[in-house]
Number of protein chains: 2
Amino acid sequence: MFDTAYAALSNVLEGRLTRSKSELDQHGLSETWFPHTPPEAVAYPETTTEVSEIMKICHAHGVPVTAFGAGTSLEGQTLATTGGLVVDFNRMNRVLRVNDADMDAVVQPGITREALNVELRSTGLMFPVDPGANASLGGMAMTRASGTTAVRYGTMKENVIGLEVVLADGTIIHTGSRARKSSAGYDLTSLFVGSEGTLGLITEMTVRLHGQPEAISAAVCSFDEITPAVEAVIATIQMGLPMARIEFLDAESVDAVNKYAGADFPLKPHLFVEFHGSDATVAEQVETFGEIVHDFGGSDFEWAAKAEDRTALWTMRHHAYWACLALRQGAKAVVTDICVPISKLAEAVEQTRADIAASPLHGPILGHVGDGNFHAILLVDPNDEAEIKEGKRLAHLMAERALKLGGTITGEHGIGIGKKGLMPAEHGAAWGIMGQLKAAMDPTNILNPGKLVP
Amino acid sequence: MFDTAYAALSNVLEGRLTRSKSELDQHGLSETWFPHTPPEAVAYPETTTEVSEIMKICHAHGVPVTAFGAGTSLEGQTLATTGGLVVDFNRMNRVLRVNDADMDAVVQPGITREALNVELRSTGLMFPVDPGANASLGGMAMTRASGTTAVRYGTMKENVIGLEVVLADGTIIHTGSRARKSSAGYDLTSLFVGSEGTLGLITEMTVRLHGQPEAISAAVCSFDEITPAVEAVIATIQMGLPMARIEFLDAESVDAVNKYAGADFPLKPHLFVEFHGSDATVAEQVETFGEIVHDFGGSDFEWAAKAEDRTALWTMRHHAYWACLALRQGAKAVVTDICVPISKLAEAVEQTRADIAASPLHGPILGHVGDGNFHAILLVDPNDEAEIKEGKRLAHLMAERALKLGGTITGEHGIGIGKKGLMPAEHGAAWGIMGQLKAAMDPTNILNPGKLVP
């Protein structure tokens, strides 16, 4: 349908445009239950100018454009659901500058968070945002990702301070600055962060870096029931203890991790925690947290003081999604992602557990409870429509509960196609405003059409 | 010109619409050098519904609408430069809810930061953002204000988590949630924060609260030159020391403070600092900071350990603007507000000092140097056009330098009418995008017309 456009693109990209079935197929996959949705073509730009040329051509021909980083998003954000072109940022994966003194870096969007941290290793700095998957920075910005360390270091919202963006018509703009704050007009950086490729394509980003902590300590403890585990988290957060990570896994998640990673944690709700700071402050934090855990009837800590033990621990946590999937052969997941005010967390987790217990589906629960954010990984047979429907029903119950409790339908995964139906419930008339902004910036609706906005 | 509209408004507001000269005059003042600009009418709504009715009427009649809080903005944001209506939020000044457990509060926009903190006193919580002036929360949100404590607690960007906004046509929307994070679509909260009343009127806001620190310690130290003082700040920030406040005053500012407050600080560059935390962490911070100051040749600290001494110290700092104005009878100020990456701070301050030294104008320099943000208070005779021109020339030099150094033309005061001419230099094509967003949300351009956008 867009053959002329693809020929022009291939010319501009010196052949870095593919229509080979295997590459289209690969870009049509998602991590969750969405159907396979290959695009018509995939472009691999290497420069901002090329991205701008791509958009000019697609704008002229009305070709839908969907951005692709590492393909780890969970709500189908990278699927070209209306066909057209996928722009894969794989070849724009360099660190352009590290400003040690100001603790920021300018990077291309295709770099993954692990690759960035490898490059930073010798600087004493790190990029802490850690959604688990080895996502691309551009993708993380576009879904406003967060993960295990957001409780201490913030989400992509707090850690992206400037952007270079190519707009729908190919115009290149710059947002933000390297200053620590600014009052110079509308906060366009924040508008693009979380916009899921619907307003423009990120070609460069300035991110905040943080000092590698002098001391790190990680530990695991268990509780007999969900409620005291979650209440211990609430008490910790309310006290303002600067936890670097504080993760909850229910007994089913622990079972999954044990089976997947050959571990032998007791089959009870667990907290996985990490402390960052100086030797003295870490020791103080550990002691305070220990007292809280004791007060709520938790077990003694199992320590992971050595770096390799810590890595093993967080690898288990990061693989928990895959571990949950492995509980049932051939299963796909309906992944939920609610986030509630911390005071409502115990209620939200308990009622979710009860909903799942009353359903035929399995659904381990785990999450970044320091932010009030947790996931049920609802395991469904992707070929069984009744199961998908039941998964969606449970997900819907969770989302409605989150809103009733003053929270949000998604803490970190974003909307994509999976949660679009819930947007009116969360935003009411404000969802229409999002649509107006989209229409103003992309009047022909070629940027990731069908996602996020009405 | 809008008599029919004003009659309708008076009806809706049950008389809380005034056209009395004295009240119009009062709402035509600004804190700086802008000419007196009275509006045609002032409305005093008491509810969101009334604000919505106001906007419906003004929308129907094309009446320009400018929001007014405490009138402390510095770039003429509250001046009705195209006539029309000022909406004064004075009567919408209540705390609606304090959620202790989640450390947030829902407030009306007319409440001042001091009044909010008085209401919070017994809760153990505080709202820390402190621009010096006793500004209204709504006004602070609209200029993305910050001030002395932003180095520790963030600016309004980080501390406003949700809004109720009345749009140009009277539609009421809600943005954000009480969850600590969300990926549910465009970040409309951040779009409104800093929009200076050009996109909608805030009628309710959810703000983050912070724990009142267990221990507070404040101190003053002096340096022989500007550069080592600023370099001590840079070293402090780069080390990640969690200063609660770290303020710079040059010798001229100190002179002004001495004369205004009857103090006797030596006429040298000073740092005013404050530490928040537990007794142990404050002691540790003080010691570390003391070593840094010593390394850069600073004086010993003069302590303000008692609460009343601290209050006196920060009152002096907060009154520094008035103290500077009092250096010259009848003077008004061209206030500058640049913010640069911290590594460029010494360079920016030194070169600014040199520019002013070479000018006939006086201009004390002071600022929130922990953020890389500082102000020169350029004293001009408001009736002398040549002086105003010279003030603007110096301000322009500073702004250009800030941009060249990777910074911003305004760290916290905003754009209003005063800095609009510099927006293309900072944003390039992105300024046009701001204009497109404004046009999408306020197609008849009745919300604070003439400010911020092209």
# chains A, B, ... in the order shown; residues from 1 in each chain; ligands from 1

$ interface_residues --of "chain B" --to "chain A" --cutoff "7 Å" --atoms "only C-alpha atoms" --output "ChimeraX atom specification"
/B:101-102,143-144,173-175,177-187,190-191,194-195,238,339-343,371,406-415,427,429-430,434,436-437,440,452

$ write_last_selection --atoms "C-alpha atoms" --output "PDB file, in the first residue's frame"
ATOM      1  CA  ALA B 101      -0.486   8.424  56.059  1.00  0.00           C
ATOM      2  CA  ASP B 102       0.221   9.151  52.404  1.00  0.00           C
ATOM      3  CA  THR B 143       5.119  29.616  37.683  1.00  0.00           C
ATOM      4  CA  ARG B 144       6.760  26.296  38.648  1.00  0.00           C
ATOM      5  CA  ILE B 173     -10.933  18.249  34.464  1.00  0.00           C
ATOM      6  CA  HIS B 174      -8.850  16.305  36.953  1.00  0.00           C
ATOM      7  CA  THR B 175      -5.221  15.356  36.393  1.00  0.00           C
ATOM      8  CA  SER B 177      -3.788  10.836  41.202  1.00  0.00           C
ATOM      9  CA  ARG B 178      -2.708  10.277  44.789  1.00  0.00           C
ATOM     10  CA  ALA B 179      -0.482   7.347  43.775  1.00  0.00           C
ATOM     11  CA  ARG B 180       3.261   7.995  43.964  1.00  0.00           C
ATOM     12  CA  LYS B 181       3.688   7.361  40.249  1.00  0.00           C
ATOM     13  CA  SER B 182       1.607   6.621  37.147  1.00  0.00           C
ATOM     14  CA  SER B 183       2.100   5.765  33.482  1.00  0.00           C
ATOM     15  CA  ALA B 184      -1.497   6.457  32.519  1.00  0.00           C
ATOM     16  CA  GLY B 185      -1.108   8.715  29.508  1.00  0.00           C
ATOM     17  CA  TYR B 186       0.149  12.242  29.019  1.00  0.00           C
ATOM     18  CA  ASP B 187       1.379  13.993  32.140  1.00  0.00           C
ATOM     19  CA  SER B 190       3.228  18.712  34.515  1.00  0.00           C
ATOM     20  CA  LEU B 191       1.777  20.505  31.503  1.00  0.00           C
ATOM     21  CA  GLY B 194       4.446  26.267  34.850  1.00  0.00           C
ATOM     22  CA  SER B 195       1.782  27.255  32.313  1.00  0.00           C
ATOM     23  CA  GLN B 238      28.715  17.038  43.564  1.00  0.00           C
ATOM     24  CA  CYS B 339      19.985  28.708  36.197  1.00  0.00           C
ATOM     25  CA  VAL B 340      23.014  26.838  34.863  1.00  0.00           C
ATOM     26  CA  PRO B 341      24.511  23.367  35.250  1.00  0.00           C
ATOM     27  CA  ILE B 342      26.304  23.373  38.580  1.00  0.00           C
ATOM     28  CA  SER B 343      29.747  22.964  36.982  1.00  0.00           C
ATOM     29  CA  ASP B 371      20.414  24.414  42.077  1.00  0.00           C
ATOM     30  CA  GLY B 406      23.562  24.697  28.889  1.00  0.00           C
ATOM     31  CA  GLY B 407      21.166  26.393  31.298  1.00  0.00           C
ATOM     32  CA  THR B 408      17.882  28.259  31.236  1.00  0.00           C
ATOM     33  CA  ILE B 409      16.739  31.887  31.176  1.00  0.00           C
ATOM     34  CA  THR B 410      14.561  31.338  34.243  1.00  0.00           C
ATOM     35  CA  GLY B 411      15.048  28.913  37.087  1.00  0.00           C
ATOM     36  CA  GLU B 412      11.898  29.780  39.009  1.00  0.00           C
ATOM     37  CA  HIS B 413      10.271  33.108  38.118  1.00  0.00           C
ATOM     38  CA  GLY B 414       8.748  32.103  34.803  1.00  0.00           C
ATOM     39  CA  ILE B 415       8.223  34.024  31.580  1.00  0.00           C
ATOM     40  CA  HIS B 427      13.476  26.824  22.784  1.00  0.00           C
ATOM     41  CA  ALA B 429      11.085  25.457  17.201  1.00  0.00           C
ATOM     42  CA  ALA B 430       9.804  24.014  20.488  1.00  0.00           C
ATOM     43  CA  MET B 434       3.997  25.475  22.964  1.00  0.00           C
ATOM     44  CA  GLN B 436       0.211  24.963  19.113  1.00  0.00           C
ATOM     45  CA  LEU B 437      -0.667  23.371  22.439  1.00  0.00           C
ATOM     46  CA  ALA B 440      -5.487  23.567  20.911  1.00  0.00           C
ATOM     47  CA  LEU B 452       4.481  32.997  27.664  1.00  0.00           C
TER      48      LEU B 452
END

$ select_by_dssp --residues "range 192-333 of chain B" --states "alpha helix (DSSP H)" --output "PyMOL selection string"
chain B and resi 192+226-238+251-261+279-295+307-318+320-326

$ write_last_selection --atoms "C-alpha atoms" --output "PDB file, in the first residue's frame"
ATOM      1  CA  PHE B 192      -0.308  22.809  33.713  1.00  0.00           C
ATOM      2  CA  ILE B 226      32.976  34.931  45.007  1.00  0.00           C
ATOM      3  CA  THR B 227      34.684  32.056  43.235  1.00  0.00           C
ATOM      4  CA  PRO B 228      35.706  29.954  46.266  1.00  0.00           C
ATOM      5  CA  ALA B 229      32.233  30.446  47.780  1.00  0.00           C
ATOM      6  CA  VAL B 230      30.594  29.140  44.634  1.00  0.00           C
ATOM      7  CA  GLU B 231      33.159  26.370  44.263  1.00  0.00           C
ATOM      8  CA  ALA B 232      32.387  25.225  47.799  1.00  0.00           C
ATOM      9  CA  VAL B 233      28.750  24.932  46.742  1.00  0.00           C
ATOM     10  CA  ILE B 234      29.663  22.988  43.618  1.00  0.00           C
ATOM     11  CA  ALA B 235      31.771  20.561  45.661  1.00  0.00           C
ATOM     12  CA  THR B 236      28.938  20.127  48.163  1.00  0.00           C
ATOM     13  CA  ILE B 237      26.389  19.318  45.480  1.00  0.00           C
ATOM     14  CA  GLN B 238      28.715  17.038  43.564  1.00  0.00           C
ATOM     15  CA  ALA B 251      29.002  41.461  49.273  1.00  0.00           C
ATOM     16  CA  GLU B 252      26.452  43.947  47.898  1.00  0.00           C
ATOM     17  CA  SER B 253      23.547  41.758  48.982  1.00  0.00           C
ATOM     18  CA  VAL B 254      25.096  41.390  52.428  1.00  0.00           C
ATOM     19  CA  ASP B 255      25.412  45.162  52.617  1.00  0.00           C
ATOM     20  CA  ALA B 256      21.735  45.490  51.741  1.00  0.00           C
ATOM     21  CA  VAL B 257      20.734  42.925  54.366  1.00  0.00           C
ATOM     22  CA  ASN B 258      22.878  44.594  57.013  1.00  0.00           C
ATOM     23  CA  LYS B 259      21.269  47.974  56.362  1.00  0.00           C
ATOM     24  CA  TYR B 260      17.713  46.640  56.102  1.00  0.00           C
ATOM     25  CA  ALA B 261      17.787  44.229  59.043  1.00  0.00           C
ATOM     26  CA  ASP B 279      20.471  14.463  65.126  1.00  0.00           C
ATOM     27  CA  ALA B 280      23.108  12.026  63.900  1.00  0.00           C
ATOM     28  CA  THR B 281      22.780  12.748  60.184  1.00  0.00           C
ATOM     29  CA  VAL B 282      22.686  16.517  60.717  1.00  0.00           C
ATOM     30  CA  ALA B 283      25.876  16.296  62.779  1.00  0.00           C
ATOM     31  CA  GLU B 284      27.496  14.238  60.015  1.00  0.00           C
ATOM     32  CA  GLN B 285      26.386  16.711  57.317  1.00  0.00           C
ATOM     33  CA  VAL B 286      27.599  19.715  59.290  1.00  0.00           C
ATOM     34  CA  GLU B 287      30.996  18.115  59.739  1.00  0.00           C
ATOM     35  CA  THR B 288      31.348  17.254  56.052  1.00  0.00           C
ATOM     36  CA  PHE B 289      30.206  20.677  54.931  1.00  0.00           C
ATOM     37  CA  GLY B 290      32.578  22.299  57.432  1.00  0.00           C
ATOM     38  CA  GLU B 291      35.487  20.450  55.852  1.00  0.00           C
ATOM     39  CA  ILE B 292      34.473  21.629  52.380  1.00  0.00           C
ATOM     40  CA  VAL B 293      34.180  25.253  53.504  1.00  0.00           C
ATOM     41  CA  HIS B 294      37.576  24.997  55.181  1.00  0.00           C
ATOM     42  CA  ASP B 295      39.106  23.554  51.993  1.00  0.00           C
ATOM     43  CA  ALA B 307      14.615  28.234  66.324  1.00  0.00           C
ATOM     44  CA  GLU B 308      14.249  32.016  66.763  1.00  0.00           C
ATOM     45  CA  ASP B 309      17.781  32.663  65.483  1.00  0.00           C
ATOM     46  CA  ARG B 310      17.074  30.477  62.459  1.00  0.00           C
ATOM     47  CA  THR B 311      13.856  32.309  61.823  1.00  0.00           C
ATOM     48  CA  ALA B 312      15.694  35.625  62.030  1.00  0.00           C
ATOM     49  CA  LEU B 313      18.318  34.361  59.611  1.00  0.00           C
ATOM     50  CA  TRP B 314      15.856  33.161  56.986  1.00  0.00           C
ATOM     51  CA  THR B 315      13.673  36.212  57.439  1.00  0.00           C
ATOM     52  CA  MET B 316      16.720  38.274  56.500  1.00  0.00           C
ATOM     53  CA  ARG B 317      17.276  36.074  53.480  1.00  0.00           C
ATOM     54  CA  HIS B 318      13.620  36.261  52.495  1.00  0.00           C
ATOM     55  CA  ALA B 320      16.810  40.332  50.791  1.00  0.00           C
ATOM     56  CA  TYR B 321      14.813  41.426  47.739  1.00  0.00           C
ATOM     57  CA  TRP B 322      13.285  44.301  49.689  1.00  0.00           C
ATOM     58  CA  ALA B 323      16.652  45.023  51.273  1.00  0.00           C
ATOM     59  CA  CYS B 324      18.208  45.330  47.833  1.00  0.00           C
ATOM     60  CA  LEU B 325      15.434  47.655  46.652  1.00  0.00           C
ATOM     61  CA  ALA B 326      15.978  49.815  49.739  1.00  0.00           C
TER      62      ALA B 326
END

$ closest_residue --among "B:Thr203, B:Thr444, B:Thr32, B:Ser10" --to "Leu378 in chain B" --atoms "only C-alpha atoms"
B:Thr32

$ residues_around --residues "Asp3 in chain A" --least-positions-apart "2" --cutoff "12 Å" --atoms "only C-alpha atoms" --output "list in words"
Met1, Ala5, Tyr6, Ala7, Ala8, Leu9, Ser10, Arg19, Glu40, Ala41, Ile57, Cys58, His61, Gly62, Val63, Gly84 and Leu85 of chain A

$ write_last_selection --atoms "C-alpha atoms" --output "short mmCIF file (atom, residue, chain, number, x, y, z; two decimals), in the first residue's frame"
data_model
loop_
_atom_site.label_atom_id
_atom_site.label_comp_id
_atom_site.auth_asym_id
_atom_site.auth_seq_id
_atom_site.Cartn_x
_atom_site.Cartn_y
_atom_site.Cartn_z
CA MET A 1 0.00 0.00 0.00
CA ALA A 5 7.06 5.57 0.52
CA TYR A 6 9.07 2.46 1.35
CA ALA A 7 11.15 2.89 -1.79
CA ALA A 8 11.90 6.50 -0.81
CA LEU A 9 12.75 5.40 2.73
CA SER A 10 15.07 2.68 1.51
CA ARG A 19 10.58 -5.98 4.46
CA GLU A 40 4.91 -3.77 6.69
CA ALA A 41 8.49 -2.52 6.94
CA ILE A 57 8.34 10.81 3.92
CA CYS A 58 5.83 9.04 6.16
CA HIS A 61 2.42 9.48 2.35
CA GLY A 62 0.35 8.97 5.50
CA VAL A 63 2.36 5.96 6.65
CA GLY A 84 2.91 0.77 8.30
CA LEU A 85 6.46 1.29 9.45
#

$ atom_distance --atom1 "CA of Gly170 in chain A" --atom2 "CA of Glu53 in chain A"
6.4 Å

$ closest_residue --among "B:Leu267, B:Leu201, B:Met92, B:Ala304" --to "Glu164 in chain B" --atoms "only C-alpha atoms"
B:Leu201

$ atom_distance --atom1 "CA of Leu24 in chain B" --atom2 "CA of Thr66 in chain B"
12.7 Å

$ atom_distance --atom1 "CA of Ala215 in chain B" --atom2 "CA of Leu366 in chain B"
26.4 Å

$ select_by_dssp --residues "range 206-438 of chain A" --states "strand (DSSP E)" --output "short mmCIF file (atom, residue, chain, number, x, y, z; two decimals) with C-alpha atoms, in the first residue's frame"
data_model
loop_
_atom_site.label_atom_id
_atom_site.label_comp_id
_atom_site.auth_asym_id
_atom_site.auth_seq_id
_atom_site.Cartn_x
_atom_site.Cartn_y
_atom_site.Cartn_z
CA THR A 206 19.65 13.92 28.61
CA VAL A 207 19.31 11.80 31.73
CA ARG A 208 20.19 12.39 35.34
CA HIS A 210 23.42 9.29 40.45
CA GLY A 211 26.51 8.42 42.45
CA ALA A 215 27.85 0.75 50.53
CA ILE A 216 25.07 -1.58 49.37
CA SER A 217 23.32 -4.19 51.42
CA ALA A 218 20.50 -6.48 50.33
CA ALA A 219 18.35 -8.88 52.28
CA VAL A 220 15.28 -11.08 52.19
CA CYS A 221 12.71 -11.69 54.91
CA SER A 222 9.43 -13.57 55.05
CA ARG A 245 14.51 -1.17 46.73
CA ILE A 246 11.62 -2.75 48.62
CA GLU A 247 9.91 -5.51 46.69
CA PHE A 248 7.04 -7.80 47.62
CA LEU A 249 6.55 -11.36 46.37
CA HIS A 270 8.56 -12.16 51.12
CA LEU A 271 10.16 -8.76 51.03
CA PHE A 272 13.35 -8.30 49.01
CA VAL A 273 15.11 -5.11 50.10
CA GLU A 274 18.23 -3.13 49.34
CA PHE A 275 19.94 -0.25 51.15
CA HIS A 276 22.30 2.31 49.56
CA GLY A 277 24.47 4.86 51.31
CA GLU A 302 18.72 -13.59 55.04
CA TRP A 303 21.63 -11.44 53.90
CA ALA A 304 23.21 -11.00 50.52
CA LYS A 332 0.91 -16.12 28.30
CA ALA A 333 0.26 -13.40 30.86
CA VAL A 334 -2.38 -10.77 31.33
CA VAL A 335 -0.13 -8.43 33.31
CA ILE A 338 -1.99 -0.91 39.59
CA CYS A 339 -0.55 1.71 41.91
CA ILE A 365 1.37 -11.16 42.89
CA LEU A 366 4.56 -9.17 43.19
CA GLY A 367 5.61 -5.58 42.93
CA HIS A 368 7.36 -2.40 43.84
CA ASN A 373 2.67 -0.45 42.84
CA PHE A 374 2.09 -4.16 42.28
CA HIS A 375 1.36 -6.68 39.56
CA ALA A 376 -0.69 -9.84 39.33
CA ILE A 377 0.67 -12.04 36.55
CA LEU A 378 -2.55 -13.69 35.38
CA LEU A 379 -1.62 -16.87 33.53
CA VAL A 380 -3.82 -17.67 30.54
#
